[in-house]
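Asks: Following this line is final-v4.txt, made up of compact mmCIF, C-alpha atoms:
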# COMPACT_ATOMS: atom_id res chain seq x y z
CA MET H 275 -72.77 -2.84 -22.97
CA PRO H 276 -70.58 -2.87 -26.10
CA ARG H 277 -72.30 -4.50 -29.10
CA ASP H 278 -69.97 -7.42 -29.54
CA VAL H 279 -70.26 -8.66 -25.96
CA VAL H 280 -72.62 -11.65 -26.07
CA VAL H 281 -72.30 -13.05 -22.55
CA LEU H 282 -71.57 -10.97 -19.47
CA LEU H 283 -71.43 -12.34 -15.93
CA ARG H 284 -70.87 -9.96 -13.03
CA ASP H 285 -70.22 -11.16 -9.48
CA VAL H 286 -72.31 -14.34 -9.84
CA TRP H 287 -72.81 -16.43 -6.69
CA LYS H 288 -74.55 -19.77 -6.30
CA THR H 289 -74.88 -21.89 -3.17
CA TYR H 290 -76.61 -25.24 -2.80
CA HIS H 291 -78.04 -26.42 0.50
CA THR H 292 -77.81 -30.20 0.47
CA LYS H 293 -78.39 -32.75 3.21
CA TRP H 294 -74.60 -33.10 3.45
CA GLY H 295 -74.12 -29.40 4.05
CA VAL H 296 -73.73 -26.15 2.18
CA VAL H 297 -71.90 -26.20 -1.18
CA HIS H 298 -70.61 -22.92 -2.59
CA ALA H 299 -70.63 -23.71 -6.34
CA LEU H 300 -69.82 -20.19 -7.59
CA LYS H 301 -68.18 -17.44 -5.55
CA GLY H 302 -68.28 -14.13 -7.37
CA VAL H 303 -67.69 -15.20 -10.99
CA ASP H 304 -66.98 -12.49 -13.60
CA LEU H 305 -66.85 -13.37 -17.30
CA VAL H 306 -67.07 -11.52 -20.61
CA ILE H 307 -67.43 -13.38 -23.93
CA HIS H 308 -67.42 -11.68 -27.31
CA ARG H 309 -69.23 -12.65 -30.50
CA GLY H 310 -67.68 -15.51 -32.45
CA GLU H 311 -65.31 -16.53 -29.65
CA ILE H 312 -64.79 -20.09 -28.48
CA VAL H 313 -64.13 -19.96 -24.75
CA GLY H 314 -63.14 -22.97 -22.69
CA ILE H 315 -63.61 -23.45 -18.96
CA HIS H 316 -61.52 -26.18 -17.45
CA GLY H 317 -61.81 -27.57 -13.96
CA PRO H 318 -62.18 -30.73 -11.92
CA SER H 319 -65.51 -32.49 -11.41
CA GLY H 320 -67.68 -30.64 -8.94
CA ALA H 321 -65.94 -27.31 -9.52
CA GLY H 322 -69.20 -25.64 -10.61
CA LYS H 323 -68.78 -25.80 -14.40
CA THR H 324 -72.24 -27.22 -15.13
CA THR H 325 -73.84 -24.80 -12.68
CA LEU H 326 -72.22 -21.91 -14.55
CA LEU H 327 -73.56 -23.15 -17.91
CA LYS H 328 -77.05 -23.75 -16.51
CA ILE H 329 -77.13 -20.23 -15.09
CA ILE H 330 -76.18 -18.75 -18.48
CA ALA H 331 -78.87 -20.91 -20.16
CA GLY H 332 -81.46 -19.76 -17.61
CA LEU H 333 -81.92 -23.29 -16.31
CA GLU H 334 -80.88 -22.17 -12.82
CA LYS H 335 -81.00 -18.83 -11.06
CA PRO H 336 -77.95 -17.38 -9.29
CA ASP H 337 -78.25 -16.28 -5.66
CA ARG H 338 -76.84 -12.92 -6.65
CA GLY H 339 -75.06 -11.19 -9.50
CA ASP H 340 -75.93 -10.27 -13.08
CA VAL H 341 -76.13 -12.60 -16.06
CA ILE H 342 -76.63 -10.83 -19.36
CA VAL H 343 -76.97 -12.78 -22.60
CA GLU H 344 -77.45 -10.85 -25.86
CA GLY H 345 -78.70 -7.90 -23.81
CA TYR H 346 -81.25 -9.93 -21.83
CA ASN H 347 -80.77 -9.92 -18.07
CA VAL H 348 -81.42 -13.62 -17.46
CA CYS H 349 -82.08 -13.10 -13.72
CA MET H 350 -84.98 -10.75 -14.46
CA LEU H 351 -86.82 -12.99 -16.94
CA ASP H 352 -89.87 -15.10 -16.05
CA GLU H 353 -90.18 -18.79 -17.07
CA ASN H 354 -91.88 -18.00 -20.42
CA ALA H 355 -89.22 -15.45 -21.36
CA LEU H 356 -86.48 -17.89 -20.33
CA ALA H 357 -88.08 -20.50 -22.58
CA MET H 358 -87.93 -18.01 -25.47
CA LEU H 359 -84.25 -17.35 -24.67
CA ARG H 360 -83.44 -21.08 -24.75
CA ASN H 361 -85.43 -21.51 -27.93
CA SER H 362 -83.80 -18.81 -30.02
CA VAL H 363 -80.78 -17.21 -28.33
CA VAL H 364 -78.99 -19.97 -26.43
CA GLY H 365 -78.34 -23.52 -27.62
CA PHE H 366 -77.57 -25.89 -24.74
CA ILE H 367 -75.83 -29.25 -25.16
CA PRO H 368 -75.94 -31.22 -21.89
CA GLN H 369 -73.39 -33.85 -20.99
CA ASP H 370 -75.91 -36.67 -21.46
CA TYR H 371 -77.07 -35.08 -24.78
CA GLY H 372 -80.64 -34.42 -23.49
CA LEU H 373 -82.20 -36.17 -26.49
CA ILE H 374 -85.52 -38.01 -26.47
CA GLU H 375 -84.35 -41.51 -27.37
CA GLU H 376 -87.73 -42.80 -28.55
CA LEU H 377 -87.87 -40.11 -31.26
CA THR H 378 -85.99 -40.14 -34.56
CA VAL H 379 -83.05 -37.88 -35.38
CA ILE H 380 -85.28 -35.59 -37.48
CA GLU H 381 -87.91 -35.33 -34.73
CA ASN H 382 -85.31 -34.43 -32.11
CA VAL H 383 -83.64 -31.78 -34.26
CA GLU H 384 -86.92 -30.21 -35.35
CA LEU H 385 -88.29 -29.90 -31.79
CA PRO H 386 -87.01 -26.31 -31.21
CA LEU H 387 -88.34 -25.29 -34.65
CA LEU H 388 -91.73 -26.85 -33.86
CA LEU H 389 -91.85 -24.94 -30.58
CA ALA H 390 -90.94 -21.76 -32.46
CA GLY H 391 -93.98 -22.28 -34.68
CA MET H 392 -92.19 -22.94 -37.98
CA ASP H 393 -94.31 -24.75 -40.61
CA ARG H 394 -93.62 -28.39 -41.44
CA ASN H 395 -92.01 -28.05 -44.88
CA GLU H 396 -89.71 -25.27 -43.79
CA ARG H 397 -88.83 -27.24 -40.67
CA ARG H 398 -87.92 -30.41 -42.55
CA LYS H 399 -85.82 -28.40 -45.04
CA ARG H 400 -83.90 -26.69 -42.22
CA VAL H 401 -83.38 -30.00 -40.36
CA MET H 402 -82.03 -31.74 -43.48
CA GLU H 403 -79.62 -28.84 -44.09
CA LEU H 404 -78.35 -29.17 -40.53
CA LEU H 405 -78.02 -32.94 -40.76
CA GLU H 406 -76.04 -32.54 -44.01
CA TYR H 407 -73.83 -30.00 -42.22
CA ILE H 408 -73.01 -32.35 -39.34
CA GLY H 409 -72.75 -35.38 -41.62
CA LEU H 410 -75.73 -37.36 -40.34
CA ALA H 411 -78.23 -37.00 -43.20
CA ASP H 412 -78.19 -40.77 -43.78
CA LYS H 413 -79.35 -41.40 -40.18
CA ALA H 414 -82.22 -38.89 -40.31
CA LYS H 415 -84.99 -41.45 -39.85
CA GLN H 416 -83.27 -43.60 -37.24
CA LYS H 417 -84.34 -43.56 -33.64
CA VAL H 418 -81.77 -41.83 -31.45
CA LYS H 419 -81.48 -44.85 -29.15
CA TYR H 420 -79.76 -46.79 -31.96
CA LEU H 421 -77.00 -44.20 -32.51
CA SER H 422 -73.44 -44.27 -31.15
CA GLY H 423 -72.22 -41.74 -28.55
CA GLY H 424 -70.47 -39.62 -31.19
CA GLU H 425 -73.58 -39.56 -33.38
CA LYS H 426 -75.80 -38.62 -30.44
CA GLN H 427 -73.43 -35.78 -29.61
CA ARG H 428 -73.69 -34.48 -33.18
CA VAL H 429 -77.50 -34.74 -33.11
CA ALA H 430 -77.49 -32.73 -29.87
CA ILE H 431 -75.31 -30.11 -31.59
CA ALA H 432 -77.65 -29.99 -34.62
CA ARG H 433 -80.65 -29.56 -32.32
CA ALA H 434 -78.88 -26.76 -30.42
CA LEU H 435 -78.09 -25.06 -33.74
CA SER H 436 -81.55 -25.41 -35.28
CA ASN H 437 -82.80 -21.92 -34.41
CA THR H 438 -79.39 -20.35 -35.22
CA PRO H 439 -78.64 -19.24 -31.66
CA SER H 440 -75.95 -16.64 -30.93
CA VAL H 441 -74.52 -18.72 -28.09
CA LEU H 442 -73.80 -22.42 -27.91
CA LEU H 443 -73.16 -23.90 -24.45
CA ALA H 444 -71.53 -27.33 -24.36
CA ASP H 445 -71.26 -29.27 -21.11
CA GLU H 446 -68.42 -31.82 -21.19
CA PRO H 447 -68.94 -32.49 -24.93
CA THR H 448 -66.20 -35.10 -25.07
CA ALA H 449 -66.77 -36.87 -21.76
CA ASN H 450 -68.54 -39.90 -23.27
CA LEU H 451 -66.44 -40.14 -26.45
CA ASP H 452 -63.14 -41.71 -27.48
CA TRP H 453 -60.51 -39.17 -28.53
CA GLU H 454 -61.08 -39.65 -32.29
CA ASN H 455 -64.79 -38.78 -31.96
CA ALA H 456 -63.99 -36.05 -29.42
CA ARG H 457 -61.61 -34.42 -31.92
CA LYS H 458 -64.31 -34.48 -34.63
CA VAL H 459 -66.79 -32.78 -32.28
CA LEU H 460 -64.27 -30.09 -31.32
CA GLU H 461 -63.42 -29.46 -34.98
CA LEU H 462 -67.17 -29.18 -35.65
CA PHE H 463 -67.36 -26.45 -32.99
CA GLN H 464 -64.53 -24.57 -34.72
CA ARG H 465 -66.36 -24.88 -38.07
CA ILE H 466 -69.64 -23.67 -36.52
CA SER H 467 -67.89 -20.66 -34.97
CA ARG H 468 -66.30 -19.81 -38.35
CA ASP H 469 -69.39 -20.41 -40.53
CA PHE H 470 -72.10 -18.88 -38.34
CA ASP H 471 -70.11 -16.49 -36.11
CA THR H 472 -71.59 -18.39 -33.17
CA THR H 473 -70.16 -17.79 -29.70
CA ILE H 474 -69.29 -21.09 -28.07
CA LEU H 475 -68.65 -21.81 -24.40
CA VAL H 476 -67.25 -25.26 -23.68
CA VAL H 477 -66.71 -26.62 -20.19
CA SER H 478 -64.60 -29.72 -19.70
CA HIS H 479 -62.36 -31.46 -17.23
CA ASP H 480 -60.24 -32.73 -20.17
CA PRO H 481 -57.24 -30.41 -20.77
CA ARG H 482 -56.99 -31.57 -24.44
CA VAL H 483 -60.30 -29.83 -25.18
CA MET H 484 -58.67 -26.50 -24.29
CA GLU H 485 -56.38 -26.75 -27.36
CA TYR H 486 -59.44 -26.04 -29.54
CA VAL H 487 -60.57 -22.80 -27.87
CA HIS H 488 -59.57 -19.15 -28.37
CA ARG H 489 -59.50 -18.26 -24.67
CA ARG H 490 -59.52 -20.41 -21.60
CA TYR H 491 -60.30 -20.17 -17.92
CA GLU H 492 -59.79 -22.37 -14.91
CA LEU H 493 -62.72 -22.81 -12.51
CA ARG H 494 -61.41 -23.65 -9.08
CA ASP H 495 -63.23 -23.49 -5.72
CA GLY H 496 -66.08 -21.56 -7.32
CA LYS H 497 -63.80 -18.88 -8.78
CA LEU H 498 -62.78 -18.28 -12.38
CA TYR H 499 -59.13 -17.63 -13.27
CA PRO H 500 -57.96 -16.69 -16.80
CA VAL H 501 -55.28 -18.96 -18.24
CA LEU H 502 -52.72 -17.34 -20.53
CA SER H 503 -51.81 -19.51 -23.52
CA MET S 165 -78.11 -41.92 -7.73
CA SER S 166 -79.06 -43.55 -11.04
CA LEU S 167 -80.03 -46.73 -9.19
CA LEU S 168 -82.50 -44.94 -6.96
CA PRO S 169 -85.57 -44.94 -9.25
CA SER S 170 -85.21 -48.62 -10.16
CA CYS S 171 -84.72 -49.54 -6.46
CA ARG S 172 -87.81 -47.60 -5.54
CA GLY S 173 -89.61 -49.25 -8.47
CA THR S 174 -88.64 -52.62 -7.01
CA TYR S 175 -90.08 -51.68 -3.60
CA TYR S 176 -93.35 -50.69 -5.24
CA ALA S 177 -93.38 -53.91 -7.26
CA LEU S 178 -92.77 -55.96 -4.07
CA ALA S 179 -95.55 -54.10 -2.29
CA PHE S 180 -97.73 -54.73 -5.35
CA SER S 181 -97.25 -58.51 -5.25
CA THR S 182 -97.78 -58.63 -1.45
CA THR S 183 -100.99 -56.63 -1.78
CA LEU S 184 -102.09 -58.84 -4.66
CA SER S 185 -101.70 -61.91 -2.42
CA ILE S 186 -103.73 -60.26 0.34
CA TYR S 187 -106.29 -59.24 -2.29
CA VAL S 188 -106.69 -62.81 -3.48
CA ALA S 189 -106.77 -64.23 0.06
CA THR S 190 -109.29 -61.74 1.44
CA TYR S 191 -111.53 -61.38 -1.60
CA PRO S 192 -114.34 -63.42 -0.05
CA TYR S 193 -114.32 -61.06 2.97
CA GLU S 194 -115.43 -58.01 0.89
CA THR S 195 -112.30 -55.91 1.15
CA VAL S 196 -112.13 -55.69 -2.62
CA ALA S 197 -112.65 -51.98 -3.28
CA LEU S 198 -109.89 -50.71 -0.98
CA LEU S 199 -107.37 -53.34 -2.05
CA SER S 200 -108.20 -52.78 -5.69
CA LEU S 201 -107.39 -49.09 -5.19
CA VAL S 202 -104.12 -49.87 -3.38
CA LEU S 203 -103.18 -52.36 -6.10
CA THR S 204 -103.80 -49.85 -8.83
CA ILE S 205 -101.77 -47.15 -7.13
CA LEU S 206 -98.85 -49.48 -6.44
CA GLY S 207 -99.00 -50.95 -9.95
CA VAL S 208 -98.88 -47.55 -11.62
CA LEU S 209 -96.16 -46.27 -9.30
CA SER S 210 -93.93 -49.32 -9.85
CA VAL S 211 -94.21 -49.18 -13.63
CA ASP S 212 -93.94 -45.41 -13.57
CA TYR S 213 -90.61 -45.58 -11.70
CA ALA S 214 -89.34 -48.35 -13.95
CA ASP S 215 -90.12 -46.12 -16.94
CA ARG S 216 -89.10 -42.80 -15.40
CA THR S 217 -86.42 -42.34 -18.09
CA THR S 218 -88.89 -41.40 -20.83
CA VAL S 219 -90.66 -38.83 -18.65
CA ASN S 220 -87.35 -37.26 -17.60
CA GLN S 221 -86.04 -37.22 -21.18
CA LEU S 222 -89.23 -35.50 -22.25
CA ILE S 223 -89.00 -32.86 -19.51
CA GLU S 224 -85.28 -32.24 -20.14
CA GLY S 225 -85.57 -32.27 -23.95
CA PHE S 226 -88.54 -29.91 -24.02
CA THR S 227 -86.99 -27.55 -21.44
CA ILE S 228 -83.65 -27.32 -23.27
CA CYS S 229 -85.40 -26.69 -26.58
CA GLY S 230 -87.26 -23.73 -25.09
CA ALA S 231 -90.74 -25.14 -24.49
CA ARG S 232 -92.89 -22.99 -22.23
CA PRO S 233 -93.71 -24.67 -18.89
CA ARG S 234 -97.33 -25.27 -19.93
CA TYR S 235 -96.20 -27.15 -23.08
CA VAL S 236 -93.86 -29.30 -20.97
CA LEU S 237 -96.75 -30.04 -18.61
CA PHE S 238 -99.08 -30.88 -21.51
CA ALA S 239 -96.55 -33.26 -23.12
CA VAL S 240 -95.76 -35.06 -19.85
CA VAL S 241 -99.42 -35.43 -18.82
CA LEU S 242 -100.36 -36.70 -22.29
CA LEU S 243 -97.56 -39.29 -22.21
CA THR S 244 -98.59 -40.38 -18.72
CA ILE S 245 -102.27 -40.78 -19.65
CA VAL S 246 -101.40 -42.90 -22.70
CA LYS S 247 -98.96 -45.00 -20.64
CA CYS S 248 -101.44 -45.54 -17.78
CA LEU S 249 -104.21 -46.55 -20.18
CA ILE S 250 -101.94 -49.00 -21.98
CA LEU S 251 -100.94 -50.48 -18.60
CA SER S 252 -104.31 -50.67 -16.93
CA ILE S 253 -106.82 -51.57 -19.65
CA PRO S 254 -105.68 -55.19 -20.32
CA PRO S 255 -105.72 -56.30 -16.62
CA SER S 256 -108.98 -54.45 -16.13
CA ILE S 257 -110.56 -56.44 -18.99
CA VAL S 258 -109.26 -59.66 -17.45
CA LEU S 259 -110.71 -58.69 -14.04
CA ALA S 260 -114.07 -57.77 -15.58
CA VAL S 261 -114.27 -60.98 -17.60
CA SER S 262 -113.47 -62.92 -14.39
CA GLY S 263 -116.51 -61.33 -12.77
CA LEU S 264 -114.76 -58.59 -10.78
CA GLU S 265 -116.54 -55.49 -12.07
CA GLU S 266 -114.35 -53.32 -9.81
CA GLY S 267 -111.60 -53.90 -12.34
CA LEU S 268 -113.34 -51.55 -14.71
CA ILE S 269 -112.54 -48.49 -12.59
CA ASN S 270 -108.81 -49.30 -12.61
CA PRO S 271 -108.00 -47.30 -15.79
CA LEU S 272 -109.52 -44.18 -14.23
CA LEU S 273 -107.60 -44.68 -11.00
CA ALA S 274 -104.43 -45.42 -12.94
CA VAL S 275 -104.75 -42.21 -14.95
CA ALA S 276 -105.45 -40.21 -11.78
CA VAL S 277 -102.39 -41.59 -10.01
CA GLY S 278 -100.21 -41.27 -13.12
CA VAL S 279 -101.22 -37.66 -13.72
CA ALA S 280 -100.57 -36.82 -10.07
CA THR S 281 -97.01 -38.21 -10.29
CA ALA S 282 -96.46 -36.41 -13.62
CA LEU S 283 -97.60 -33.11 -12.10
CA TYR S 284 -95.22 -33.70 -9.20
CA GLU S 285 -92.27 -34.24 -11.60
CA VAL S 286 -92.98 -31.09 -13.61
CA ARG S 287 -93.55 -29.06 -10.45
CA LYS S 288 -90.17 -30.25 -9.14
CA ARG S 289 -88.51 -28.88 -12.30
CA TYR S 290 -90.13 -25.46 -12.10
CA ALA S 291 -90.16 -25.09 -8.30
Is it possible to express this structure as structure tokens?
Replies:
Amino acid sequence: MPRDVVVLLRDVWKTYHTKWGVVHALKGVDLVIHRGEIVGIHGPSGAGKTTLLKIIAGLEKPDRGDVIVEGYNVCMLDENALAMLRNSVVGFIPQDYGLIEELTVIENVELPLLLAGMDRNERRKRVMELLEYIGLADKAKQKVKYLSGGEKQRVAIARALSNTPSVLLADEPTANLDWENARKVLELFQRISRDFDTTILVVSHDPRVMEYVHRRYELRDGKLYPVLS
Amino acid sequence: MSLLPSCRGTYYALAFSTTLSIYVATYPYETVALLSLVLTILGVLSVDYADRTTVNQLIEGFTICGARPRYVLFAVVLLTIVKCLILSIPPSIVLAVSGLEEGLINPLLAVAVGVATALYEVRKRYA
């Protein structure tokens, strides 16, 4: 595997057996993403975008195929190794932010650092740096439940960035935001990619999001098609 | 789908109030222990479903952040124990003061039921 390939998917298949029948979410998906790239995957709801992200993050296992992230074969890892991957290699931003609303902004952002065993002073210093970076330092001690959608999205980004992962996976990052806030979040992704050389994979049903990525794909009927810009 | 937990919570709450009525009506006929157990289970389940959001946020947040499964389990069980104790101790004191000593075992039952549902939730995630 060449050094600058960060994410590699080879012939990935995923089928769900529901009470309404069999759903083929992914049908032989191939994808290569290089370091520092922002890649966008566009497709209608139910096309399998979230499934694809969850498989890369090790939150779901594919039925067959290879998923390699920073040299780790995700399909071969046990739950503890997958936890380590999510803690330090992959930052995942779910559509509903995945924050613990009863905790403050600081507590949410420092959770991955706490799990990584970082000491308190170092943790707080790192969290404050991140909150400065995303422009939410003044809300550090507020409970997440009192924040707006745009602010929650930025907290989720800060949390995903806390252990400086190589890959950031964003699931519909603009779905719950008005366009002004959505634009700010997408510009933040561009800044993160530039400043930290982070690889970012964004999935969205909104075609406007695709204007902020380097390369884009269309996910249709479980298959991925490159879109030439 | 998002309505499902609250609907189920409502069913448990309805069952809770029905059982409570039977409990009160049949108390003189010495059916206390069984009904007290049923009441406790239904009470914990109804509140647990109403408050399922926190448990799910905890499981999702910890999993995304890279917590090992045993840490997720520890956090969820700890939250459940605290929640069940907060819920069951005040009514248990009231029951005990009213002369129904059986009320004193309610916190233990509540914790047992709560932990069982918490284990089920975490198991579902890692199945």
Asks: Tell me as a list in words which residues belonging to chain H come within 7 Å of chain S, counting all atoms listed in the file.
Replies: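 Residues passing the distance filter: Asn354, Ala357, Met358, Arg360, Asn361, Phe366, Gly372, Leu373, Ile374, Leu385, Pro386 and Leu389 of chain H.
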Asks: Choose the residue, out of H:Val281, H:Ala299, H:Leu377, H:Val364, that has the smallest atom-to-atom separation from Thr325 (chain H); count only C-alpha atoms.
Replies: H:Ala299
Asks: Given the point (-63.9, -24.1, -20.6) in the file's coordinates, find the residues that have an atom at most 7 Å from it, counting only C-alpha atoms, and give them as number ranges by chain.
Replies: H: 313-316, 475-478, 484, 490-491
Asks: Which value, in Å to one decimal, gives the distance between CA of His488 (chain H) and CA of Leu462 (chain H)?
Replies: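 The value is 14.5 Å.
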Asks: Compile the contact shell of Ile431 (chain H) as a list in words: residues with an atom at most 9 Å away, counting all atoms listed in the file, same-chain residues fewer than 3 positions apart removed.
Replies: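 The filter keeps Gly365, Phe366, Ile367, Tyr371, Val383, Ile408, Lys426, Gln427, Arg428, Ala434, Leu435, Ser436, Leu442, Ala444, Val459 and Phe463 of chain H.
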Asks: Determine, counting all atoms listed in the file, which protein, DNA and RNA residues have an atom within 12 Å of an atom of Glu384 (chain H); residues of the same chain fewer than 2 positions away are not included. Present the result as number ranges by chain.
Replies: H: 361, 373-374, 377-382, 386-405, 414, 429-430, 432-437; S: 225-226, 229
Asks: In Å, rounded to a single decimal, give me how far CA of Arg489 (chain H) is from CA of Glu461 (chain H).
Replies: 15.7 Å
Asks: Using CA of Lys458 (chain H) and CA of Leu282 (chain H) as the two end points, give the distance in Å to one decimal.
Replies: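 So the two atoms, CA of Lys458 (chain H) and CA of Leu282 (chain H), lie 28.9 Å apart.
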Asks: May I have the residues within 7 Å of region 318-324 of chain H as a list in words, using all atoms listed in the file and disregarding those fewer than 4 positions away in the same chain?
Replies: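 Answer for this query is Ala299, Leu300, Lys328, Asp445, Val477, His479, Leu493, Arg494, Asp495 and Gly496 of chain H.
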Asks: Determine the nearest neighbour of Lys419 (chain H) from the options H:Leu359, H:Asp452, H:Thr472, H:Glu375, counting all atoms listed in the file.
Replies: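 Smallest distance to Lys419 (chain H) is found for H:Glu375.
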Asks: Of the residues H:Val341, H:Glu311, H:Ser467, H:Gly302, which is the one nearest to Leu283 (chain H), using only C-alpha atoms?
Replies: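 Nearest candidate to Leu283 (chain H) out of H:Val341, H:Glu311, H:Ser467, H:Gly302: H:Val341.
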